[in-house]
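Engineer: File follows, upload-v3.cif with mmCIF, C-alpha atoms:
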```cif
data_start
loop_
_atom_site.label_atom_id
_atom_site.label_comp_id
_atom_site.auth_asym_id
_atom_site.auth_seq_id
_atom_site.Cartn_x
_atom_site.Cartn_y
_atom_site.Cartn_z
CA MET A 28 18.85 2.71 15.74
CA SER A 29 20.63 1.11 18.66
CA PRO A 30 23.05 -1.68 17.70
CA ASP A 31 21.13 -4.42 19.51
CA LEU A 32 18.24 -3.89 17.11
CA LEU A 33 20.36 -4.61 14.06
CA PRO A 34 19.14 -7.76 12.39
CA ASN A 35 20.74 -11.12 13.07
CA ALA A 36 19.89 -14.29 11.14
CA LEU A 37 16.60 -15.05 12.87
CA THR A 38 15.22 -11.51 12.73
CA THR A 39 16.29 -11.22 9.09
CA GLY A 40 14.28 -14.31 8.29
CA ILE A 41 11.28 -12.99 10.17
CA LEU A 42 11.55 -9.62 8.42
CA MET A 43 11.80 -11.29 5.03
CA ALA A 44 8.70 -13.38 5.75
CA THR A 45 6.90 -10.20 6.88
CA SER A 46 7.82 -8.31 3.72
CA PHE A 47 6.72 -11.28 1.62
CA ALA A 48 3.34 -11.27 3.38
CA VAL A 49 3.01 -7.51 2.91
CA LEU A 50 3.81 -7.82 -0.79
CA LEU A 51 1.24 -10.59 -1.13
CA THR A 52 -1.37 -8.35 0.48
CA MET A 53 -0.39 -5.57 -1.93
CA ILE A 54 -1.00 -7.92 -4.86
CA LEU A 55 -4.41 -8.86 -3.45
CA ALA A 56 -5.30 -5.17 -3.01
CA LEU A 57 -4.23 -4.53 -6.61
CA VAL A 58 -6.46 -7.36 -7.81
CA ARG A 59 -9.36 -5.88 -5.88
CA ALA A 60 -8.70 -2.45 -7.34
CA THR A 61 -8.70 -3.93 -10.83
CA LEU A 62 -11.82 -6.06 -10.43
CA GLY A 63 -13.71 -3.88 -7.96
CA PRO A 64 -17.20 -3.33 -9.28
CA THR A 65 -18.07 -0.31 -7.13
CA VAL A 66 -16.19 2.88 -6.36
CA PHE A 67 -15.86 1.98 -2.71
CA ASP A 68 -14.06 -1.28 -3.43
CA ARG A 69 -11.46 0.74 -5.27
CA VAL A 70 -11.21 3.43 -2.59
CA LEU A 71 -10.74 0.72 0.01
CA ALA A 72 -8.12 -0.98 -2.16
CA LEU A 73 -6.21 2.29 -2.55
CA ASN A 74 -6.33 2.97 1.18
CA MET A 75 -5.15 -0.55 1.92
CA PHE A 76 -2.37 -0.20 -0.62
CA GLY A 77 -1.14 2.98 1.07
CA THR A 78 -1.18 1.27 4.45
CA LYS A 79 0.77 -1.67 3.05
CA THR A 80 3.30 0.75 1.58
CA VAL A 81 3.81 2.24 5.02
CA LEU A 82 4.30 -1.24 6.46
CA LEU A 83 6.70 -2.24 3.68
CA ILE A 84 8.81 0.87 4.22
CA SER A 85 8.95 0.17 7.94
CA VAL A 86 10.03 -3.43 7.35
CA VAL A 87 12.66 -2.32 4.82
CA SER A 88 13.96 0.25 7.27
CA PHE A 89 14.44 -2.50 9.84
CA VAL A 90 16.08 -4.80 7.28
CA THR A 91 18.60 -2.16 6.25
CA GLY A 92 18.94 -0.81 9.80
CA ARG A 93 18.13 2.78 8.85
CA SER A 94 15.64 4.39 11.15
CA ASP A 95 15.27 7.60 9.12
CA PHE A 96 12.97 5.74 6.74
CA LEU A 97 10.40 5.56 9.53
CA ASP A 98 9.80 9.33 9.17
CA LEU A 99 8.98 8.70 5.53
CA ALA A 100 6.53 6.01 6.57
CA LEU A 101 4.82 8.58 8.81
CA LEU A 102 4.63 11.04 5.89
CA TYR A 103 3.13 8.35 3.68
CA SER A 104 0.41 7.58 6.16
CA LEU A 105 -0.43 11.31 6.37
CA MET A 106 -0.54 11.54 2.57
CA ASN A 107 -2.73 8.46 2.40
CA PHE A 108 -5.15 9.95 4.93
CA ILE A 109 -5.41 13.29 3.14
CA GLY A 110 -5.86 11.63 -0.23
CA ILE A 111 -8.58 9.32 1.02
CA VAL A 112 -10.44 12.18 2.73
CA ALA A 113 -10.32 14.20 -0.50
CA LEU A 114 -11.48 11.21 -2.51
CA LEU A 115 -14.41 10.42 -0.25
CA ARG A 116 -15.42 14.06 -0.04
CA PHE A 117 -15.41 14.24 -3.79
CA THR A 118 -17.37 11.00 -4.03
CA GLN A 119 -20.08 12.33 -1.77
CA TYR A 120 -20.39 15.94 -2.88
CA ASN A 121 -18.89 15.89 -6.41
CA SER A 122 -16.87 19.05 -5.65
CA PHE A 123 -14.20 20.31 -3.30
CA SER A 124 -15.91 23.57 -2.41
CA ASP A 125 -16.55 24.71 1.14
CA SER A 126 -20.29 25.10 0.88
CA VAL A 127 -21.60 21.58 0.78
CA THR A 128 -24.86 20.59 -0.79
CA SER A 129 -26.76 17.40 -0.15
CA SER A 130 -25.44 14.34 -1.85
CA GLY A 131 -28.53 13.65 -3.90
CA GLU A 132 -28.31 16.81 -5.99
CA SER A 133 -26.05 16.95 -8.95
CA ASN A 134 -23.77 19.94 -9.05
CA GLN A 135 -23.68 20.31 -12.79
CA PRO A 136 -24.17 23.91 -13.95
CA MET B 12 16.17 -7.74 -0.44
CA ASN B 13 16.18 -8.55 -4.14
CA PHE B 14 12.78 -10.15 -4.18
CA ILE B 15 11.23 -6.97 -2.73
CA VAL B 16 12.72 -4.98 -5.61
CA PHE B 17 11.53 -7.47 -8.22
CA ALA B 18 8.05 -7.67 -6.69
CA ILE B 19 7.73 -3.87 -6.60
CA LEU B 20 8.89 -3.56 -10.22
CA ALA B 21 6.43 -6.25 -11.33
CA LEU B 22 3.62 -4.48 -9.46
CA LEU B 23 4.62 -1.22 -11.16
CA ALA B 24 4.37 -2.87 -14.59
CA ILE B 25 0.99 -4.42 -13.74
CA THR B 26 -0.32 -1.05 -12.52
CA ALA B 27 0.88 0.71 -15.66
CA VAL B 28 -0.86 -1.84 -17.90
CA ALA B 29 -4.04 -1.51 -15.82
CA ILE B 30 -3.91 2.31 -16.19
CA ALA B 31 -3.58 1.94 -19.95
CA LYS B 32 -6.37 -0.62 -20.20
CA LEU B 33 -9.00 0.92 -17.94
CA ARG B 34 -11.59 3.26 -19.46
CA GLU B 35 -13.19 4.38 -16.20
CA LEU B 36 -11.32 7.53 -15.21
CA TRP B 37 -12.18 7.22 -11.53
CA ALA B 38 -10.41 3.88 -11.33
CA VAL B 39 -7.51 5.29 -13.34
CA ILE B 40 -7.00 7.97 -10.69
CA MET B 41 -6.96 5.26 -8.01
CA PHE B 42 -4.33 3.42 -9.99
CA THR B 43 -2.14 6.48 -10.43
CA GLY B 44 -2.19 6.86 -6.63
CA ILE B 45 -1.13 3.23 -6.30
CA TYR B 46 1.56 3.77 -8.93
CA SER B 47 3.12 6.70 -7.13
CA PHE B 48 3.06 4.87 -3.80
CA LEU B 49 4.85 1.96 -5.44
CA SER B 50 7.44 4.09 -7.20
CA ALA B 51 8.07 6.02 -3.99
CA SER B 52 8.76 2.82 -2.06
CA TRP B 53 11.04 1.66 -4.86
CA MET B 54 12.98 4.94 -4.64
CA ILE B 55 13.35 4.38 -0.91
CA ILE B 56 14.86 0.95 -1.56
CA LEU B 57 17.21 2.60 -4.07
CA ASP B 58 18.37 4.82 -1.16
CA ALA B 59 16.89 8.08 -2.47
CA PRO B 60 14.62 9.18 0.38
CA ASP B 61 14.39 12.81 -0.79
CA VAL B 62 13.04 11.82 -4.19
CA ALA B 63 10.67 9.39 -2.53
CA PHE B 64 9.52 12.17 -0.19
CA THR B 65 8.70 14.41 -3.15
CA GLU B 66 7.04 11.58 -5.02
CA ALA B 67 4.80 10.78 -2.06
CA ALA B 68 3.84 14.41 -1.49
CA VAL B 69 3.29 15.37 -5.12
CA GLY B 70 2.34 12.10 -6.77
CA ALA B 71 0.14 10.48 -4.16
CA GLY B 72 -1.11 13.62 -2.45
CA ILE B 73 -1.51 16.63 -4.70
CA SER B 74 -1.81 15.14 -8.17
CA THR B 75 -4.59 12.76 -7.10
CA VAL B 76 -6.62 15.70 -5.81
CA LEU B 77 -5.78 17.74 -8.91
CA MET B 78 -6.90 14.99 -11.24
CA LEU B 79 -10.10 14.52 -9.23
CA SER B 80 -10.95 18.21 -9.45
CA THR B 81 -10.20 18.11 -13.17
CA MET B 82 -12.60 15.21 -13.48
CA ALA B 83 -15.24 17.25 -11.66
CA LEU B 84 -15.00 19.84 -14.44
CA THR B 85 -14.86 17.39 -17.34
CA GLY B 86 -16.26 13.93 -17.86
CA LYS B 87 -15.94 10.69 -15.95
CA ALA B 88 -15.38 8.29 -18.82
CA GLU B 89 -12.84 8.21 -21.58
CA GLU B 90 -14.09 7.61 -25.08
CA ILE B 91 -12.91 4.31 -26.44
CA PRO B 92 -10.82 4.87 -29.56
CA ARG B 93 -12.38 3.19 -32.57
CA LYS B 94 -9.32 2.76 -34.75
CA LYS B 95 -6.08 1.24 -33.65
CA SER B 96 -2.90 2.77 -35.02
CA LEU B 97 0.61 1.46 -34.68
CA VAL B 98 2.27 4.89 -34.55
CA PRO B 99 1.95 5.37 -30.76
CA LEU B 100 3.34 1.90 -30.13
CA PHE B 101 6.25 2.63 -32.45
CA VAL B 102 6.97 5.96 -30.74
CA VAL B 103 6.86 4.35 -27.29
CA ILE B 104 9.16 1.52 -28.32
CA VAL B 105 11.68 3.90 -29.90
CA THR B 106 11.64 6.17 -26.85
CA GLY B 107 12.09 3.24 -24.49
CA ALA B 108 14.93 1.81 -26.56
CA THR B 109 16.63 5.22 -26.54
CA LEU B 110 16.31 5.45 -22.76
CA VAL B 111 17.69 1.93 -22.28
CA TYR B 112 20.55 2.74 -24.66
CA GLY B 113 21.26 5.85 -22.58
CA THR B 114 21.58 3.79 -19.40
CA LEU B 115 24.27 1.58 -20.97
CA ASP B 116 26.91 4.27 -20.44
CA MET B 117 26.03 4.76 -16.79
CA PRO B 118 28.17 3.18 -14.05
CA HIS B 119 26.71 0.24 -12.18
CA PHE B 120 24.55 0.83 -9.11
CA GLY B 121 26.83 1.43 -6.13
CA SER B 122 30.01 1.20 -8.18
CA PRO B 123 32.96 2.84 -6.42
CA ASP B 124 34.21 4.78 -9.45
CA ALA B 125 30.85 6.38 -10.17
CA PRO B 126 31.00 10.18 -10.40
CA VAL B 127 28.95 10.53 -7.24
CA GLN B 128 31.69 8.75 -5.28
CA VAL B 129 34.60 10.51 -6.99
CA TYR B 130 33.43 14.14 -7.12
CA PRO B 131 33.76 16.78 -5.77
CA ASP B 132 37.48 16.79 -5.32
CA PRO B 133 39.11 19.73 -3.53
CA SER B 134 40.72 21.09 -6.68
CA PHE B 135 37.22 21.92 -7.90
CA VAL B 136 36.81 24.33 -4.98
CA LYS B 137 40.31 25.73 -5.45
CA ARG B 138 40.03 26.55 -9.12
CA SER B 139 36.51 27.95 -9.04
CA GLU B 140 37.79 31.48 -8.36
CA ALA B 141 40.05 31.40 -11.40
CA ASP B 142 37.34 29.78 -13.53
CA MET B 143 34.81 32.44 -12.61
CA HIS B 144 37.17 35.37 -13.16
CA GLY B 145 37.53 36.23 -9.50
CA LEU B 146 34.08 35.42 -8.13
CA PRO B 147 34.77 34.77 -4.44
CA ASN B 148 31.65 32.76 -3.56
CA VAL B 149 31.90 29.06 -4.45
CA VAL B 150 28.17 28.46 -3.97
CA THR B 151 27.28 31.19 -6.44
CA ALA B 152 29.79 29.80 -8.91
CA LEU B 153 28.24 26.35 -8.59
CA LEU B 154 24.63 27.48 -8.89
CA ALA B 155 25.02 30.11 -11.59
CA SER B 156 27.72 28.64 -13.78
CA TYR B 157 28.71 25.01 -13.21
CA ARG B 158 25.09 23.93 -12.81
CA GLY B 159 23.68 26.83 -14.79
CA TYR B 160 21.25 24.85 -16.91
CA ASP B 161 19.95 23.01 -13.85
CA THR B 162 19.32 26.30 -12.06
CA LEU B 163 17.65 27.71 -15.15
CA GLY B 164 15.27 24.76 -15.19
CA GLU B 165 14.50 25.13 -11.51
CA THR B 166 13.75 28.83 -11.80
CA THR B 167 11.52 28.10 -14.80
CA VAL B 168 9.56 25.61 -12.71
CA VAL B 169 9.21 28.10 -9.87
CA LEU B 170 8.12 30.84 -12.28
CA THR B 171 5.52 28.54 -13.84
CA ALA B 172 4.17 27.61 -10.42
CA GLY B 173 3.94 31.28 -9.46
CA ILE B 174 2.08 32.16 -12.66
CA ALA B 175 -0.31 29.24 -12.11
CA VAL B 176 -1.03 30.38 -8.54
CA LEU B 177 -1.66 33.94 -9.73
CA LEU B 178 -4.04 32.72 -12.45
CA ILE B 179 -6.01 30.60 -9.97
CA LEU B 180 -6.28 33.47 -7.50
CA ARG B 181 -7.44 35.85 -10.22
CA ARG B 182 -10.16 33.46 -11.29
CA ASN B 183 -11.51 33.30 -7.74
CA ASP B 184 -11.94 37.07 -7.66
CA GLU B 185 -14.60 37.08 -10.37
CA LYS B 186 -17.49 36.00 -8.20
CA ASP B 187 -20.39 36.64 -10.54
CA GLU B 188 -19.29 34.41 -13.38
CA PRO B 189 -22.03 32.37 -15.07
CA THR B 190 -19.80 29.30 -14.86
CA GLN B 191 -20.13 29.24 -11.07
CA LEU B 192 -21.46 25.93 -9.81
CA ALA B 193 -25.07 25.98 -8.68
CA GLY B 194 -24.31 24.54 -5.27
CA ASN B 195 -21.71 27.16 -4.43
CA LYS B 196 -24.02 30.17 -4.20
CA THR B 197 -24.17 31.62 -0.73
CA PRO B 198 -27.72 31.90 0.62
#
```
Output the file's structure in the form of C-alpha cells.
Structural biologist:
Amino acid sequence: MSPDLLPNALTTGILMATSFAVLLTMILALVRATLGPTVFDRVLALNMFGTKTVLLISVVSFVTGRSDFLDLALLYSLMNFIGIVALLRFTQYNSFSDSVTSSGESNQP
Amino acid sequence: MNFIVFAILALLAITAVAIAKLRELWAVIMFTGIYSFLSASWMIILDAPDVAFTEAAVGAGISTVLMLSTMALTGKAEEIPRKKSLVPLFVVIVTGATLVYGTLDMPHFGSPDAPVQVYPDPSFVKRSEADMHGLPNVVTALLASYRGYDTLGETTVVLTAGIAVLLILRRNDEKDEPTQLAGNKTP
C-alpha cells in the first residue's frame, strides 16, 4: 500500500464507523439465520454473512495498512460462492451427482 | 480495533450456542459455515493469515459440502435427547479449565521475549551438525529430529488423506451396487 493511503485521524474514524456498521449487519444476519423459518432465509443469511466477512477483512486491512489481506478477502468471496452454489444445488436436487433429476422426485433408494 | 475483536468473539460464542441448541441439521450446517467465517476473520486480526486461509478453504468450503453430502446419506433431523445428564457438561468444563490453565504459562500476545521473537538464534544452526552426528543438511535435521513429532503428525495426516481418497475411488468403481441412488442410473 502506498504511504498516502495510510490512515490518518479522519480516515481511521470513518473506517471504524464502517467496521461497526458491518458488524451490526453481521449480527442482523445471524439473527435472521437463527429465526429464519425457511431454508432460503438461512441460505441468504449465510451468503450475506460471507459477504460481510469479506467487507470486514477489507476494512481491517485498510485499518492496519496491510494490503495482503485483500487477497484473503478475494479467496473468501470465492469460497462463499462455491459453498452457496453447492448448497443451492443440494437444496434443489438432494444430491451432488452429475446426472440431475427433476426437483419433484425424491432420490431416496 | 479492540471492539472488532470483542464483537467477533461474542458472535463466535452466540454461533456456538446456536449450533448446540438447534435440532434442524440443515440450519446447523449453515451455522458451522458462519462459525468458520468468523473464526477465520478473527485469525486474520490476530495476524495469522495462513491459518485463516486454511480455515476459510477447509472450514467454510470443503467441510460444509462434506457435511451436506453426509446429510444426503443420513437423516435431516437430530433426535432430541430425552434425558439430561450432567456428565458432558462436567467433561466440557474440565477440558475448558485445563485449556485455560495451559494458556497461563504462555507469553502475552506480542510480547518481545516470546519464543517466536527470540528463536532461532544462529547457534542453533551452528550446532545442528554436531547434534545430528554429522548430518550436513540443516533442513533435514529440523524436520526429522528437532520437529520430529510435528513431522510425524503431518505425515500421518497425509497418509490418512491418501487412504481416504483411495477408499472413495474404489467405491466409485463398483457401478452395479444395489445402494446406487435411483436418480443416478444412466438411461
Engineer: May I ask which of the residues B:Leu20, B:Ile30, B:Ala83, B:Ala152 is the closest one to chain A, counting all atoms listed in the file?
Structural biologist: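 Comparing B:Leu20, B:Ile30, B:Ala83, B:Ala152 against chain A, the winner is B:Ala83.
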Engineer: I'd like to see the residues matched by the PyMOL selection byres ((chain B and resi 44-49) around 7) on this file, and ideally I'd get them as JSON, numbers by chain.
Structural biologist: {"A": [73, 76, 77, 80], "B": [19, 23, 26, 40, 41, 42, 43, 50, 51, 52, 53, 66, 67, 70, 71, 75]}
Engineer: Kindly save the residues from that selection, with C-alpha atoms included, as a compact mmCIF listing (two decimals), in the frame of the given file.
Structural biologist:
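Result saved to again_36.txt:
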```
# COMPACT_ATOMS: atom_id res chain seq x y z
CA LEU A 73 -6.21 2.29 -2.55
CA PHE A 76 -2.37 -0.20 -0.62
CA GLY A 77 -1.14 2.98 1.07
CA THR A 80 3.30 0.75 1.58
CA ILE B 19 7.73 -3.87 -6.60
CA LEU B 23 4.62 -1.22 -11.16
CA THR B 26 -0.32 -1.05 -12.52
CA ILE B 40 -7.00 7.97 -10.69
CA MET B 41 -6.96 5.26 -8.01
CA PHE B 42 -4.33 3.42 -9.99
CA THR B 43 -2.14 6.48 -10.43
CA SER B 50 7.44 4.09 -7.20
CA ALA B 51 8.07 6.02 -3.99
CA SER B 52 8.76 2.82 -2.06
CA TRP B 53 11.04 1.66 -4.86
CA GLU B 66 7.04 11.58 -5.02
CA ALA B 67 4.80 10.78 -2.06
CA GLY B 70 2.34 12.10 -6.77
CA ALA B 71 0.14 10.48 -4.16
CA THR B 75 -4.59 12.76 -7.10
```
Engineer: What is the CA of Phe47 (chain A)-CA of Arg59 (chain A) distance in Å, reported with one decimal?
Structural biologist: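 According to the coordinates, CA of Phe47 (chain A) and CA of Arg59 (chain A) are separated by 18.5 Å.
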Engineer: Rounded to one decimal place, report the CA of Ala31 (chain B)-CA of Leu100 (chain B) distance in Å.
Structural biologist: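 Taking CA of Ala31 (chain B) as the start and CA of Leu100 (chain B) as the end point, the length is 12.3 Å.
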Engineer: Within 12 Å of region 91-100 of chain A, counting only C-alpha atoms, which residues show up once you throw out same-chain ones fewer than 6 positions away? Write them as a PyMOL selection string, please.
Structural biologist: (chain A and resi 28-35+38-39+42-43+77-85+106-107) or (chain B and resi 12+48+51-52+54-68)
Engineer: How far is it from CA of Phe67 (chain A) to CA of Val112 (chain A), in Å with one decimal?
Structural biologist: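 Computed distance, CA of Phe67 (chain A) to CA of Val112 (chain A), equals 12.8 Å.
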Engineer: With only C-alpha atoms as the counted atoms, please give the residues lying no more than 9 Å from Ala60 (chain A), apart from itself and same-chain residues fewer than 5 positions off, as a PyMOL selection string.
Structural biologist: (chain A and resi 55+68-73) or (chain B and resi 38+41-42)
Engineer: Mind working out the centre and edge lengths of an axis-aligned box for region 99-113 of chain A, all listed atoms inside, 6 Å added to each side, rounded to one decimal in Å and written as JSON?
Structural biologist:
```
{"center_x": -0.7, "center_y": 10.1, "center_z": 4.2, "size_x": 31.4, "size_y": 20.2, "size_z": 21.3}
```
Engineer: If you count all atoms listed in the file, which residues fall within 10 Å of Ala18 (chain B), apart from same-chain ones fewer than 2 positions away, as a VMD selection string?
Structural biologist: (chain A and resid 47 50 to 51 53 to 54) or (chain B and resid 13 to 16 20 to 24 53)
Engineer: Given the point (39.2, 26.8, -7.8) in the file's coordinates, find the residues that have an atom at most 12 Å from it, counting only C-alpha atoms, and give them as a PDB file with C-alpha atoms, in the frame of the given file.
Structural biologist:
```pdb
ATOM      1  CA  PRO B 131      33.760  16.780  -5.770  1.00  0.00           C
ATOM      2  CA  ASP B 132      37.480  16.790  -5.320  1.00  0.00           C
ATOM      3  CA  PRO B 133      39.110  19.730  -3.530  1.00  0.00           C
ATOM      4  CA  SER B 134      40.720  21.090  -6.680  1.00  0.00           C
ATOM      5  CA  PHE B 135      37.220  21.920  -7.900  1.00  0.00           C
ATOM      6  CA  VAL B 136      36.810  24.330  -4.980  1.00  0.00           C
ATOM      7  CA  LYS B 137      40.310  25.730  -5.450  1.00  0.00           C
ATOM      8  CA  ARG B 138      40.030  26.550  -9.120  1.00  0.00           C
ATOM      9  CA  SER B 139      36.510  27.950  -9.040  1.00  0.00           C
ATOM     10  CA  GLU B 140      37.790  31.480  -8.360  1.00  0.00           C
ATOM     11  CA  ALA B 141      40.050  31.400 -11.400  1.00  0.00           C
ATOM     12  CA  ASP B 142      37.340  29.780 -13.530  1.00  0.00           C
ATOM     13  CA  MET B 143      34.810  32.440 -12.610  1.00  0.00           C
ATOM     14  CA  HIS B 144      37.170  35.370 -13.160  1.00  0.00           C
ATOM     15  CA  GLY B 145      37.530  36.230  -9.500  1.00  0.00           C
ATOM     16  CA  LEU B 146      34.080  35.420  -8.130  1.00  0.00           C
ATOM     17  CA  PRO B 147      34.770  34.770  -4.440  1.00  0.00           C
ATOM     18  CA  ASN B 148      31.650  32.760  -3.560  1.00  0.00           C
ATOM     19  CA  VAL B 149      31.900  29.060  -4.450  1.00  0.00           C
ATOM     20  CA  VAL B 150      28.170  28.460  -3.970  1.00  0.00           C
ATOM     21  CA  ALA B 152      29.790  29.800  -8.910  1.00  0.00           C
ATOM     22  CA  LEU B 153      28.240  26.350  -8.590  1.00  0.00           C
ATOM     23  CA  TYR B 157      28.710  25.010 -13.210  1.00  0.00           C
TER      24      TYR B 157
END
```
